[in-house]
Each structure stands twice: as structure tokens, then as C-alpha cells.
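Reviewing the structure listed below.
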Amino acid sequence: LFQNDQNGDFVDITGKLRLKDLFWEDLEFVDMNDDELPDIVILDRLGGIHIRRNLGREPWFNKKILPLCVGILFLMGVGPALPWGATSWQKAWERLKLPTIAMLLVGGASVGVFGLDHPYAVMSFAFGAFASVVTVHELAWPAWARSKKKGESFGGAFASYAVRSRQRVGGYIVHLGVIMAAVAIAASSAFKTQADLALPLNEPVAFEEYTLTFKGIEELTEPHRTIQAAQVEVARGGSSMGLVSPKMNQYYAMPNNPIGTPAVKSSLREDLY
């Protein structure tokens, strides 16, 4: 929290003003372009309170989310793989050998076969393979041991084991879900193609395998906002995929801060924003 002093400089007054003393109608939202600012900055300038929230801006998440995914995948792989209590290097390596081989194969294929040069994405895929092998092993090994000991089928042994150890099985299923989410985030960052395009009215513009044609703008009015929606026709391979409508929302409560809403065309193969 800062306040303008007589020299025009901002002076830290954190703790000297209670936010509950401020009224909502006193707040003015302003746009600032520095993406390195903290999540919330509050300025007292010429008697007005100015708030700028940085969360939600793409550069912040691009810089932070992939390192976080790498750390999560590393811990989710190494933690369950290591034996409890004291152990020898030989026993530890026996448990880590197969996941490590999977990690090296996936990491090598990401660079050598697919040509990825995004270090955090490669690390995410490699540690994702490591954590996946560990998680599947921890899920399947007790059932496999039970089936060998009691002569049961693997499916029956796993069902009995899952009923008796619901928390353990549920926890590792959650691990698989987190691994899938982290790898998906890394893939969306590594394989994306982004470009700034000018779309003249009714003139097709090519982007990768798509053809985009701007058809005009539709203006809508709602009780709490006005909307400007662009009408863009999307085609791929000569076949129309329909219209998309990216919007710019102007909320009456925030007249100086229009908020954009992207349009998304999703498929099993890729998403077009």
C-alpha cells in the first residue's frame, strides 16, 4: 500500500490504513502494462484509490506454472518410490531404475524425435513419465502380489485390494489425475502457435491450417454491461467450422477496464483460441 508524498514519490504506508475504511465507490480501476508487479497494488493518488490486479495475465502464468509443474511431478515420483526409513543405495536404485529409464526415454524422445526446445516442457514430460511409472507400480504391485499368492485373477485381486485400501488407491488415482493435468499444461505451452493477425472485413486470412474470415461486429446491451462481439467464420481444409464470437465486455461498474472474452474452437486434436 503506497501514498503519494509531497515530492510525487510513493511512500510505503502498509499497516497505516485499514481497507475496511474504504468504500467501493471510491475505487478506480486502472490498466498498467508491467507484468512483473505483484498480484495487487493499491495506490493513493490525489485522493483516489487505484487497484491493479496482475493475476490472470498470461505472462505471469507462463513464467510460473511450468516450473511449478516440474517440481510437483518430481516430488510425486520420487516420494512414493523411495522406501520408508533407512535403506541402501542398491535397494533405492532397484525401485528407481524402471522409472528413471522411462524418464530418460521420454525426455530423449521429446528432444530427439519431436525436436522440443522448451526446457520446462521437456522436464515436465520426463518427470511425468517417471511419476506415472511409479504411480502405476504402486497401484498394481499389491494386487499382483496378492494374485500370485492366492491364485486369484489380477482383476479380482485388485478389486479386493482396492476395497481394503481405499485411501491408498484413491490417493494414487488422484496422483494420476495431477500428472495428466501437469503434462497437459506443459504440452499446451510447448506445442502452441501464436500470431497477431489483422482481419479485414469479409477477407479470408490464413493461419496454420485454418482460414479466418471477419464478418462484422454485433453490439449487445445487458443490464450490467455492453458487449461488442466480433463474428468470425472458421474453416479448415475448405470446410466451414462455424462462427466464433470473441467479445469485449464493458461493465458499467468498471468503465475504464474493458474485459475480453476469447472464443474457443475445441477438438480432440487441438484448440483454436
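In the C-alpha cells, the first chain shown is A, the next is B, and so on; residue numbers restart at 1 for each chain, and ligands run from 1 in the order shown.
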Inset, instruction - Would you kindly return, as number ranges by chain, each protein, DNA or RNA residue with an atom no farther than 12 Å from any atom of Met103 in chain A, considering only C-alpha atoms and excluding same-chain residues fewer than 2 positions away? - result: A: 73-74, 77-78, 96-101, 105-110, 122-134
Write the residues of the preceding selection, restricted to C-alpha atoms, as a CSV table (one decimal), in the first residue's frame.
```csv
chain,number,residue,atom,x,y,z
A,73,LEU,CA,5.9,-34.1,-10.8
A,74,PHE,CA,9.4,-34.6,-9.3
A,77,GLY,CA,7.6,-39.5,-8.5
A,78,VAL,CA,10.5,-39.6,-6.1
A,96,LEU,CA,14.1,-46.1,-9.1
A,97,LYS,CA,15.6,-47.9,-12.1
A,98,LEU,CA,12.5,-48.5,-14.2
A,99,PRO,CA,11.0,-45.0,-13.6
A,100,THR,CA,14.4,-43.5,-14.4
A,101,ILE,CA,14.6,-45.5,-17.7
A,105,LEU,CA,13.4,-42.4,-22.9
A,106,VAL,CA,10.6,-39.8,-22.8
A,107,GLY,CA,12.9,-36.9,-22.3
A,108,GLY,CA,15.2,-38.1,-25.1
A,109,ALA,CA,12.3,-38.7,-27.5
A,110,SER,CA,10.9,-35.2,-26.7
A,122,VAL,CA,10.8,-31.5,-21.7
A,123,MET,CA,11.3,-31.8,-18.0
A,124,SER,CA,7.6,-32.0,-17.4
A,125,PHE,CA,7.2,-34.8,-19.9
A,126,ALA,CA,10.2,-36.7,-18.5
A,127,PHE,CA,9.2,-36.3,-14.8
A,128,GLY,CA,5.6,-37.1,-15.9
A,129,ALA,CA,6.8,-40.4,-17.2
A,130,PHE,CA,8.8,-41.0,-14.1
A,131,ALA,CA,5.9,-40.3,-11.8
A,132,SER,CA,3.4,-42.3,-14.0
A,133,VAL,CA,5.6,-45.4,-13.8
A,134,VAL,CA,5.9,-45.0,-10.0
```
Inset, instruction - Tell me, as a list of chain:residue names, which residues lie within 8 Å of Leu66 in chain A, counting only C-alpha atoms; anything in the same chain fewer than 6 positions away does not count. - result: A:Tyr120, A:Ala121, A:Ser124, A:Ile185, A:Ala186
Let me see the file: selected residues, N, CA, C and O atoms, as a PDB file, in the first residue's frame.
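And here is the file that came out, selection-v6.pdb:
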```pdb
ATOM      1  N   TYR A 120      11.404 -26.511 -19.807  1.00  0.00           N
ATOM      2  CA  TYR A 120      10.444 -26.912 -18.781  1.00  0.00           C
ATOM      3  C   TYR A 120       9.435 -27.921 -19.326  1.00  0.00           C
ATOM      4  O   TYR A 120       8.973 -28.806 -18.597  1.00  0.00           O
ATOM      5  N   ALA A 121       9.068 -27.810 -20.594  1.00  0.00           N
ATOM      6  CA  ALA A 121       8.152 -28.793 -21.176  1.00  0.00           C
ATOM      7  C   ALA A 121       8.816 -30.164 -21.250  1.00  0.00           C
ATOM      8  O   ALA A 121       8.197 -31.183 -20.910  1.00  0.00           O
ATOM      9  N   SER A 124       8.920 -31.541 -17.848  1.00  0.00           N
ATOM     10  CA  SER A 124       7.589 -31.962 -17.419  1.00  0.00           C
ATOM     11  C   SER A 124       7.231 -33.321 -18.011  1.00  0.00           C
ATOM     12  O   SER A 124       6.694 -34.189 -17.306  1.00  0.00           O
ATOM     13  N   ILE A 185      -0.742 -29.240 -19.331  1.00  0.00           N
ATOM     14  CA  ILE A 185      -0.330 -27.833 -19.270  1.00  0.00           C
ATOM     15  C   ILE A 185       0.995 -27.630 -19.988  1.00  0.00           C
ATOM     16  O   ILE A 185       1.175 -26.670 -20.751  1.00  0.00           O
ATOM     17  N   ALA A 186       1.942 -28.558 -19.760  1.00  0.00           N
ATOM     18  CA  ALA A 186       3.236 -28.450 -20.433  1.00  0.00           C
ATOM     19  C   ALA A 186       3.076 -28.587 -21.939  1.00  0.00           C
ATOM     20  O   ALA A 186       3.712 -27.864 -22.717  1.00  0.00           O
TER      21      ALA A 186
END
```
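From CA of Phe191 in chain A back to CA of Ile179 in chain A, the distance works out to 18.0 Å.
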Legend entry - Neighbour list for range 147-150 of chain A as a list of chain:residue names, cut-off 12 Å, only C-alpha atoms, skip fewer than 6 positions in-chain: A:Ala140, A:Trp141, A:Gly156, A:Ala157, A:Phe158, A:Ala159, A:Ser160, A:Tyr161
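Here CA of Glu208 in chain A stands at a distance of 9.8 Å from CA of Gln194 in chain A.
Ranking A:Gly237, A:Asn202, A:Thr213, A:Ser188 by their shortest atom-to-atom distance to Ile65 in chain A, with only C-alpha atoms included, puts A:Ser188 first.
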Legend entry - Filtered DSSP result for range 184-229 of chain A, state helix (DSSP H, G or I), as a PyMOL selection string: chain A and resi 184-190
Give me a file of those residues, with all heavy atoms, as a PDB file, in the first residue's frame.
```
ATOM      1  N   ALA A 184      -0.530 -32.035 -19.518  1.00  0.00           N
ATOM      2  CA  ALA A 184      -1.368 -31.300 -20.472  1.00  0.00           C
ATOM      3  C   ALA A 184      -0.997 -29.822 -20.496  1.00  0.00           C
ATOM      4  O   ALA A 184      -0.944 -29.202 -21.567  1.00  0.00           O
ATOM      5  CB  ALA A 184      -2.836 -31.479 -20.111  1.00  0.00           C
ATOM      6  N   ILE A 185      -0.742 -29.240 -19.331  1.00  0.00           N
ATOM      7  CA  ILE A 185      -0.330 -27.833 -19.270  1.00  0.00           C
ATOM      8  C   ILE A 185       0.995 -27.630 -19.988  1.00  0.00           C
ATOM      9  O   ILE A 185       1.175 -26.670 -20.751  1.00  0.00           O
ATOM     10  CB  ILE A 185      -0.242 -27.370 -17.811  1.00  0.00           C
ATOM     11  CG1 ILE A 185      -1.636 -27.325 -17.181  1.00  0.00           C
ATOM     12  CG2 ILE A 185       0.424 -25.999 -17.708  1.00  0.00           C
ATOM     13  CD1 ILE A 185      -1.625 -27.078 -15.688  1.00  0.00           C
ATOM     14  N   ALA A 186       1.942 -28.558 -19.760  1.00  0.00           N
ATOM     15  CA  ALA A 186       3.236 -28.450 -20.433  1.00  0.00           C
ATOM     16  C   ALA A 186       3.076 -28.587 -21.939  1.00  0.00           C
ATOM     17  O   ALA A 186       3.712 -27.864 -22.717  1.00  0.00           O
ATOM     18  CB  ALA A 186       4.183 -29.520 -19.898  1.00  0.00           C
ATOM     19  N   ALA A 187       2.215 -29.513 -22.382  1.00  0.00           N
ATOM     20  CA  ALA A 187       2.007 -29.709 -23.823  1.00  0.00           C
ATOM     21  C   ALA A 187       1.382 -28.481 -24.461  1.00  0.00           C
ATOM     22  O   ALA A 187       1.766 -28.081 -25.566  1.00  0.00           O
ATOM     23  CB  ALA A 187       1.130 -30.937 -24.058  1.00  0.00           C
ATOM     24  N   SER A 188       0.415 -27.868 -23.772  1.00  0.00           N
ATOM     25  CA  SER A 188      -0.229 -26.683 -24.335  1.00  0.00           C
ATOM     26  C   SER A 188       0.751 -25.529 -24.469  1.00  0.00           C
ATOM     27  O   SER A 188       0.591 -24.664 -25.337  1.00  0.00           O
ATOM     28  CB  SER A 188      -1.411 -26.267 -23.460  1.00  0.00           C
ATOM     29  OG  SER A 188      -0.980 -25.802 -22.195  1.00  0.00           O
ATOM     30  N   SER A 189       1.769 -25.491 -23.614  1.00  0.00           N
ATOM     31  CA  SER A 189       2.781 -24.433 -23.710  1.00  0.00           C
ATOM     32  C   SER A 189       3.826 -24.751 -24.775  1.00  0.00           C
ATOM     33  O   SER A 189       4.325 -23.845 -25.448  1.00  0.00           O
ATOM     34  CB  SER A 189       3.461 -24.244 -22.354  1.00  0.00           C
ATOM     35  OG  SER A 189       2.535 -23.867 -21.365  1.00  0.00           O
ATOM     36  N   ALA A 190       4.159 -26.030 -24.927  1.00  0.00           N
ATOM     37  CA  ALA A 190       5.236 -26.396 -25.839  1.00  0.00           C
ATOM     38  C   ALA A 190       4.791 -26.436 -27.296  1.00  0.00           C
ATOM     39  O   ALA A 190       5.561 -26.108 -28.203  1.00  0.00           O
ATOM     40  CB  ALA A 190       5.806 -27.758 -25.447  1.00  0.00           C
TER      41      ALA A 190
END
```
Which polymer residues have any atom within 9 Å of an atom of Glu209 in chain A, counting only C-alpha atoms, with same-chain residues fewer than 3 positions away left out, as a PDB file with C-alpha atoms, in the first residue's frame?
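Below is the file out.pdb, written as the result:
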```
ATOM      1  CA  ALA A 206      -4.884 -17.997 -43.333  1.00  0.00           C
ATOM      2  CA  ALA A 235     -12.786 -23.018 -41.809  1.00  0.00           C
ATOM      3  CA  ARG A 236     -10.251 -25.834 -42.108  1.00  0.00           C
ATOM      4  CA  GLY A 237      -9.470 -27.797 -45.227  1.00  0.00           C
TER       5      GLY A 237
END
```
Inset, instruction - Taking the DSSP assignment computed from this structure's backbone, write out as a PyMOL selection string all residues of range 25-262 of chain A that belong to strand (DSSP E). - result: chain A and resi 27-29+40-45+48-53+205-207+210-222+225-236+239-244+247-251+259-261
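Compared by their closest atoms to Gly71 in chain A, and using only C-alpha atoms, the residues A:Leu139, A:His175, A:Ala182, A:Gln231 rank with A:Ala182 nearest.
Here CA of His224 in chain A and CA of Tyr252 in chain A stand 6.0 Å from one another.
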Inset, instruction - Tell me which of A:Val183, A:Phe154, A:Arg95, A:Pro67 sits closest to Leu82 in chain A, counting only C-alpha atoms. - result: A:Arg95
